[in-house]
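A.B. asks: This is the structure I have questions about; it appears just below.
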Amino acid sequence: MIQLELLEANKMSVVLEAKHINKYFKKPVLFHVLKDINFQIRQGEFTSIMGKSGCGKSTLLYILSTMDTDYEGELFLNQKLVTNETREYLSYLRNKHIGFVFQFHYLLSEFSVLENVMLPAKKLGEKTLQEIEHDAMNKLKILNIDHLAKKRASRVSGGEKQRVAIARALINNPSIIMGDEPTGNLDSYNSENVFNIFKQLSEEQGLSLLVVTHDEDFANKTDRIIQMGDGKIIS
Amino acid sequence: MINWKVILNIAKTHLLTKIKQTSTAALGVTFGIGSYITLVCFMTGLNMMLDDLILNQTPHVHIYNEIEPSKKQPISLYDDVKSSFNVVHSIKPKLSQKKIHNALPIISYLEKDVNVRGALPQIKTQIFYIAGSIEIGGNLTGINPIDEARLFNMEDYIVEGSAEALHNSDNGILLGIGIAKKMSLNVGDRIQISPINGGIFSLKIVGFYQSGIADLDAIQSFTNIKTVQRVLGEAKNYITDINVKLYDIDQAIPLSKKIEQQFKLKAIDIKTANAQFETGTTIRNLITYAVSVTLLIVAGFGIYNILNMLIYEKMNDIAILKATGFSGKDVQLIFMSQAMIIGFVGGVLGLLIGFGLASLIGTIPFQTEALPTVATYPINMNPLFFVIGFSFAMLSTFLAGYLPSKKAKKIDPVRIIRGQ
């Protein structure tokens, strides 16, 4: 009985699960990019995906992010099957449950830092504007960039931009944060900084993180490394 | 689930940060709509003035006795040659009286018709204006001046004197301005006229008549019906023409047909009499609309271009919006609302500019011999033009925004993000 409950609890804590994921590129020639990918991410787990260029790790990340829907297999987010859902619903899921941090910071350059952070929450529309603004300021405080709130996004430095992007990823309290080389464009000081922020989030707030990286130092410090090669998970 | 506030906020920020491009696009619409309004107000104003020039003075149905050959020649009444083929040479028109038989009962019959605003008797006759030994041919028409002024805007064409003055004078004449000039006559002078069957009558000039058609003004004069009857030596029931004005001009054709059948008179409706006029109006309207639509289409292409460029510039923004949970439809709405805002602002400005320009044209003096009653350029400010102009602005910006925004909707964020 206790075991069953444990099993249940264990199952509950799986945030993201991929089952038999296959992906083909049809152009310029038919190419089997991802070959039968199976894995799970649990709550609070800080996972990195490593592998050589072209092994399909970014492709996998974008499938897991629900942005790429052209694949075979099944994808579960919070134990719910999301494969073959409508694009509208997937947009909603991304908005609510997934936070993104990219290699290039991708802020809306014409908006202020605060507005950039608030935008996904405004889209979700579950809170009032005051609450959203309060939350956004909180996230900026956690990342020590609250003094930049009113600045235009195009006027802050690269390291700061990446932190703004992280704050934006956090605004809707997502189930998982995904990063595509989030430190790839930063110097070692800022990389260290970003890593520490991620680590802190995963330890203190029990946030799941899935980060594609080339940076071996970065990967070695994470809880778990998924090594990929030729479209397969090696370890 | 569409969050309009967020979408409009993004659209607004895009537009305001690219204020130069935005204003260029909006100005395109402004000029398109502005010139449409100006053009259409001015052109239809002119059209209406030209139409009125003819239509105001023209009866909707004109009834008279036509001199024409008999439809049935006497030979066809002759039974013996019924089965043979008859050729009649040198057909002469039938001698018939000019006057309308039983004119007064016909007039009172027509006045009772619900469609008829008024049926006015007239007597048309040829006369000579006599100045010493010179005789100038002309037309004298006997009218009821007060009724003519009421139904056919007669007062607009009386440049001196009034219809009232003619009505009150027993032997007054309203002289065509052309004749007055030829004979150096002024109001208050007397003029001698002679009907074709002889005799000389002296009439007092109570006013001048100017229709704007020079040929007509050189021959045409008016006087009271009674005066003409006296000049011609005819009885009080001598009426040669009946002019009918209707409430609805479209009733003219059926009524004229009915009158022809019922009274065996010639009845000409306004559409038959002025067919070439309608053609002119239609073609002028066609040109106005062709020019306006061209202007608006050019403006539409301007918007299309600018939105297309904007979308290329905002590729990254679109990708990030989609990655953070905005659906394709949201992105499309962002760009659509930008197009519609440009269209709305440009359209409203265009209406204002069009209104201003049209009003300005309306104050420019425009005086010509041909049009005695017109002092400034005629402008027709029909609210319908403003509605059409605004709807067209919205429609063209909608179409111009639709294609680029559809493209934005379809952009695959993965390709943009990975492409960097």
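In the structure tokens, chains take the letters A, B, ... in the order shown, each chain's residues start at 1, and ligands count up from 1 in the order shown.
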Select residues of chain B: the criterion is any atom within 9 Å of an atom of chain A, counting only C-alpha atoms; output as an NGL selection string.
C.D. replies: :B and (2-3 or 5-7 or 10 or 13-14 or 17 or 316-317 or 319-329 or 412-414 or 417-418 or 420)
A.B. asks: Neighbours of B:Ala400 within 7 Å (only C-alpha atoms; same-chain residues fewer than 5 positions away dropped), as a ChimeraX atom specification?
C.D. replies: /B:300-301,303-304
A.B. asks: As a PyMOL selection string, please: every residue in stretch 68-156 of chain A that DSSP puts in alpha helix (DSSP H).
C.D. replies: chain A and resi 87-97+113-124+129-142
A.B. asks: For the selection just defined, write its residues with C-alpha atoms to a file, as a PDB file, in the first residue's frame.
C.D. replies:
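Produced file result14.pdb, reproduced below:
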```pdb
ATOM      1  CA  ARG A  87      -1.578  24.796 -32.112  1.00  0.00           C
ATOM      2  CA  GLU A  88      -3.773  27.147 -30.098  1.00  0.00           C
ATOM      3  CA  TYR A  89      -3.745  24.786 -27.142  1.00  0.00           C
ATOM      4  CA  LEU A  90      -0.005  24.212 -27.464  1.00  0.00           C
ATOM      5  CA  SER A  91       0.516  27.985 -27.377  1.00  0.00           C
ATOM      6  CA  TYR A  92      -1.494  28.070 -24.168  1.00  0.00           C
ATOM      7  CA  LEU A  93       0.586  25.212 -22.705  1.00  0.00           C
ATOM      8  CA  ARG A  94       3.852  26.958 -23.574  1.00  0.00           C
ATOM      9  CA  ASN A  95       2.542  30.135 -22.050  1.00  0.00           C
ATOM     10  CA  LYS A  96       1.515  28.496 -18.776  1.00  0.00           C
ATOM     11  CA  HIS A  97       3.907  25.608 -18.236  1.00  0.00           C
ATOM     12  CA  VAL A 113      12.580  45.408 -19.324  1.00  0.00           C
ATOM     13  CA  LEU A 114       9.531  45.258 -17.048  1.00  0.00           C
ATOM     14  CA  GLU A 115       7.116  45.051 -19.967  1.00  0.00           C
ATOM     15  CA  ASN A 116       9.158  42.239 -21.498  1.00  0.00           C
ATOM     16  CA  VAL A 117       8.883  40.263 -18.296  1.00  0.00           C
ATOM     17  CA  MET A 118       5.174  41.015 -17.892  1.00  0.00           C
ATOM     18  CA  LEU A 119       4.180  40.101 -21.430  1.00  0.00           C
ATOM     19  CA  PRO A 120       3.659  36.300 -21.054  1.00  0.00           C
ATOM     20  CA  ALA A 121       1.606  36.885 -17.877  1.00  0.00           C
ATOM     21  CA  LYS A 122      -0.526  39.465 -19.637  1.00  0.00           C
ATOM     22  CA  LYS A 123      -1.126  36.967 -22.402  1.00  0.00           C
ATOM     23  CA  LEU A 124      -2.146  34.329 -19.863  1.00  0.00           C
ATOM     24  CA  LEU A 129      -2.204  44.085 -14.054  1.00  0.00           C
ATOM     25  CA  GLN A 130      -1.096  45.145 -10.556  1.00  0.00           C
ATOM     26  CA  GLU A 131      -0.454  41.558  -9.521  1.00  0.00           C
ATOM     27  CA  ILE A 132       1.492  40.906 -12.700  1.00  0.00           C
ATOM     28  CA  GLU A 133       3.597  44.000 -12.201  1.00  0.00           C
ATOM     29  CA  HIS A 134       4.260  43.033  -8.593  1.00  0.00           C
ATOM     30  CA  ASP A 135       5.268  39.504  -9.657  1.00  0.00           C
ATOM     31  CA  ALA A 136       7.520  40.838 -12.402  1.00  0.00           C
ATOM     32  CA  MET A 137       9.297  43.158  -9.980  1.00  0.00           C
ATOM     33  CA  ASN A 138       9.753  40.208  -7.604  1.00  0.00           C
ATOM     34  CA  LYS A 139      11.336  38.091 -10.338  1.00  0.00           C
ATOM     35  CA  LEU A 140      13.621  40.957 -11.295  1.00  0.00           C
ATOM     36  CA  LYS A 141      14.617  41.313  -7.626  1.00  0.00           C
ATOM     37  CA  ILE A 142      15.451  37.612  -7.387  1.00  0.00           C
TER      38      ILE A 142
END
```
A.B. asks: Would you mind listing what lies within 6 Å of A:Ile37 as a list of chain:residue names, with only C-alpha atoms counted and same-chain residues fewer than 2 positions away left out?
C.D. replies: A:His20, A:Ile21, A:Lys35
A.B. asks: A:Leu148: which residues within 10 Å, counting only C-alpha atoms, same-chain residues fewer than 2 positions away excluded, as a list in words?
C.D. replies: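 After dropping sequence-adjacent residues, the list is Ser112, Val113, Leu114, Leu140, Asn144, Ile145, Asp146, Lys150, Lys151, Arg152, Ala153, Arg155, Val156, Glu160 and Val164 of chain A.
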A.B. asks: Can you list, as a list in words, every residue of stretch 51-162 of chain A that DSSP puts in strand (DSSP E or B)?
C.D. replies: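 Filtering stretch 51-162 of chain A down to strand (DSSP E or B) leaves Gly51, Glu72, Gly73, Glu74, Leu75, Phe76, Leu77, Lys80, Leu81, Ile98, Gly99, Phe100, Val101, Ser112 and Arg152 of chain A.
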A.B. asks: Limited to N, CA and C atoms, could you put the picked residues into a file as a short mmCIF file (atom, residue, chain, number, x, y, z; two decimals), in the first residue's frame?
C.D. replies:
```
data_model
loop_
_atom_site.label_atom_id
_atom_site.label_comp_id
_atom_site.auth_asym_id
_atom_site.auth_seq_id
_atom_site.Cartn_x
_atom_site.Cartn_y
_atom_site.Cartn_z
N GLY A 51 26.12 17.00 -26.51
CA GLY A 51 26.35 16.23 -27.72
C GLY A 51 26.98 17.12 -28.75
N GLU A 72 7.22 11.84 -34.75
CA GLU A 72 6.45 10.64 -34.39
C GLU A 72 6.74 10.31 -32.94
N GLY A 73 5.81 9.68 -32.26
CA GLY A 73 6.00 9.33 -30.86
C GLY A 73 5.06 10.13 -29.98
N GLU A 74 5.29 10.02 -28.67
CA GLU A 74 4.38 10.69 -27.74
C GLU A 74 5.13 11.56 -26.76
N LEU A 75 4.54 12.72 -26.47
CA LEU A 75 5.14 13.65 -25.53
C LEU A 75 4.13 13.96 -24.44
N PHE A 76 4.57 13.81 -23.16
CA PHE A 76 3.68 14.10 -22.04
C PHE A 76 4.21 15.28 -21.26
N LEU A 77 3.33 16.21 -20.95
CA LEU A 77 3.69 17.34 -20.09
C LEU A 77 2.78 17.26 -18.87
N LYS A 80 0.22 14.59 -19.05
CA LYS A 80 -0.86 14.72 -20.04
C LYS A 80 -0.27 14.66 -21.44
N LEU A 81 -0.90 13.85 -22.28
CA LEU A 81 -0.42 13.72 -23.65
C LEU A 81 -0.65 15.03 -24.39
N ILE A 98 5.74 26.29 -19.70
CA ILE A 98 7.13 26.20 -20.16
C ILE A 98 7.74 27.59 -20.23
N GLY A 99 8.95 27.71 -19.65
CA GLY A 99 9.69 28.97 -19.79
C GLY A 99 10.89 28.74 -20.69
N PHE A 100 11.22 29.77 -21.49
CA PHE A 100 12.33 29.60 -22.45
C PHE A 100 13.45 30.58 -22.21
N VAL A 101 14.67 30.06 -22.38
CA VAL A 101 15.83 30.94 -22.41
C VAL A 101 16.66 30.51 -23.61
N SER A 112 10.10 48.10 -22.49
CA SER A 112 10.98 48.20 -21.33
C SER A 112 11.21 46.80 -20.77
N ARG A 152 14.80 50.56 -21.46
CA ARG A 152 14.44 49.86 -22.70
C ARG A 152 15.28 48.60 -22.83
#
```
A.B. asks: Compare A:Asn220, A:Ser53, A:Asn38, A:Thr213 by their minimum atom-to-atom distance to A:Glu181, counting only C-alpha atoms, and give me the closest one.
C.D. replies: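 Under the stated criterion, the closest residue is A:Thr213.
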A.B. asks: From the list B:Asp52, B:Asp269, B:Glu68, B:Glu164, which residue is nearest B:Ser96 when using only C-alpha atoms?
C.D. replies: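 Once distances to B:Ser96 are computed over only C-alpha atoms, the minimum belongs to B:Glu68.
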A.B. asks: Tell me, as a VMD selection string, which residues lie within 12 Å of stretch 48-50 of chain A, counting only C-alpha atoms; anything in the same chain fewer than 2 positions away does not count.
C.D. replies: chain A and resid 39 41 45 to 46 52 to 61 177 to 182 195 198 to 199 208 to 235
A.B. asks: Could you check how far atom CA of B:Lys112 sits from atom CA of B:Tyr238, in Å to one decimal?
C.D. replies: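 Result for atom CA of B:Lys112 versus atom CA of B:Tyr238: 21.3 Å, one decimal.
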A.B. asks: Hey, can you check how far atom CA of B:Leu295 sits from atom CA of B:Tyr36?
C.D. replies: 7.6 Å
